[in-house]
Amino acid sequence: DGGITQSPKYLFRKEGQNVTLSCEQNLNHDAMYWYRQDPGQGLRLIYYSQIVNDFQKGDIAEGYSVSREKKESFPLTVTSAQKNPTAFYLCASSARGLRGNEQFFGPGTRLTVL
Amino acid sequence: AQRVTQPEKLLSVFKGAPVELKCNYSYSGSPELFWYVQYSRQRLQLLLRHISRESIKGFTADLNKGETSFHLKKPFAQEEDSAMYYCALGGSQGNLIFGKGTKLSVKP
């Protein structure tokens, strides 16, 4: 079954804890992205990676960190420095990190801070 | 600045009525524009992009550079069209810049 997978589907975090969201793709895509979706806010870019071992901050990177050690994996860590982490997180990938390329999205992870 | 504006949070129409979801953008240069759709309990997926000039599920969208708009239209709405629609602009790093979305509700 090809595509993008995210796990877990639901995640609960206590204040002060770091948590890591998983994103895996078997589409052989070079570029991967993390977006945050809040009600009434659309999707906002957190981090992106156009190639293995390289990644760049997006518009709202504060309090988040990522790694890209493998082409198929792009995990996102939500640190305790993120002031308002409760949100729906979407991972996406595209064949090339080029403007105009279609992005394919995962099913998302809903993070709730208790 | 690169920006996408969707002025309507919610659009409610009756089945068979025409639908137009508005999208305006701000971009210096030649834009790459998309419409993405999120049906209930499904993942976000591409509906159409302006370069392909296709009609998908009866929807069309025309890029109007003079008005900086990329409105999504369908002549006769169906109940299965009910979903969240996002207009998006291709960013310089291959990312997408999204509008805040419009929830379309098609009533029977």
# chains A, B, ... in the order shown; residues from 1 in each chain; ligands from 1
>>> interface_residues(of="chain B", to="chain A", cutoff="12 Å", atoms="only C-alpha atoms", output="PyMOL selection string")
chain B and resi 2-10+30-52+84-103
>>> atom_distance(atom1="CA of Val13 in chain B", atom2="CA of Val106 in chain B")
5.1 Å
>>> atom_distance(atom1="CA of Asp59 in chain A", atom2="CA of Asn64 in chain B")
27.2 Å
>>> atom_distance(atom1="CA of Ala83 in chain B", atom2="CA of Ala17 in chain B")
15.9 Å
>>> closest_residue(among="A:Tyr64, A:Ser22, A:His29, A:Glu69", to="Tyr10 in chain A", atoms="only C-alpha atoms")
A:Ser22
>>> select_by_dssp(residues="chain B", states="strand (DSSP E)", output="MDAnalysis selection string")
chainID B and resid 3:5 10:14 19:21 24:26 33:38 45:49 60:61 72:74 83:90 96:98 102:107
>>> write_last_selection(atoms="C-alpha atoms", output="tab-separated table (two decimals), in the first residue's frame")
chain	number	residue	atom	x	y	z
B	3	ARG	CA	-0.71	35.30	0.56
B	4	VAL	CA	-3.96	33.47	-0.20
B	5	THR	CA	-7.33	34.80	0.86
B	10	LEU	CA	-18.80	28.72	5.18
B	11	LEU	CA	-20.83	28.43	2.00
B	12	SER	CA	-24.18	26.72	2.09
B	13	VAL	CA	-26.14	25.90	-1.08
B	14	PHE	CA	-28.93	23.57	-2.13
B	19	VAL	CA	-21.32	27.02	-6.51
B	20	GLU	CA	-18.45	29.50	-6.51
B	21	LEU	CA	-15.73	29.37	-3.88
B	24	ASN	CA	-7.59	35.67	-4.18
B	25	TYR	CA	-3.84	35.59	-4.06
B	26	SER	CA	-0.87	37.90	-3.68
B	33	LEU	CA	-2.33	27.74	-7.91
B	34	PHE	CA	-4.15	24.73	-6.58
B	35	TRP	CA	-7.42	23.71	-5.01
B	36	TYR	CA	-7.22	21.00	-2.34
B	37	VAL	CA	-10.24	19.29	-0.81
B	38	GLN	CA	-10.75	17.50	2.48
B	45	GLN	CA	-6.11	15.73	-1.57
B	46	LEU	CA	-5.53	17.70	-4.72
B	47	LEU	CA	-8.69	18.65	-6.58
B	48	LEU	CA	-7.20	20.61	-9.44
B	49	ARG	CA	-4.38	22.94	-10.42
B	60	THR	CA	-13.31	24.22	-12.81
B	61	ALA	CA	-11.10	27.12	-11.82
B	72	LEU	CA	-13.55	27.43	-7.94
B	73	LYS	CA	-16.86	26.85	-9.73
B	74	LYS	CA	-19.35	24.11	-10.31
B	83	ALA	CA	-16.24	19.25	2.22
B	84	MET	CA	-13.55	21.69	3.26
B	85	TYR	CA	-11.89	23.42	0.31
B	86	TYR	CA	-8.49	25.05	0.43
B	87	CYS	CA	-6.96	27.30	-2.17
B	88	ALA	CA	-3.16	27.12	-2.21
B	89	LEU	CA	-0.30	28.98	-3.82
B	90	GLY	CA	2.97	27.28	-4.74
B	96	LEU	CA	2.19	25.40	-0.34
B	97	ILE	CA	0.75	28.59	1.07
B	98	PHE	CA	-2.82	27.88	2.05
B	102	THR	CA	-14.08	27.37	2.96
B	103	LYS	CA	-16.48	24.78	4.26
B	104	LEU	CA	-19.01	23.90	1.57
B	105	SER	CA	-22.30	22.46	2.71
B	106	VAL	CA	-24.68	21.18	0.04
B	107	LYS	CA	-28.20	20.64	1.36
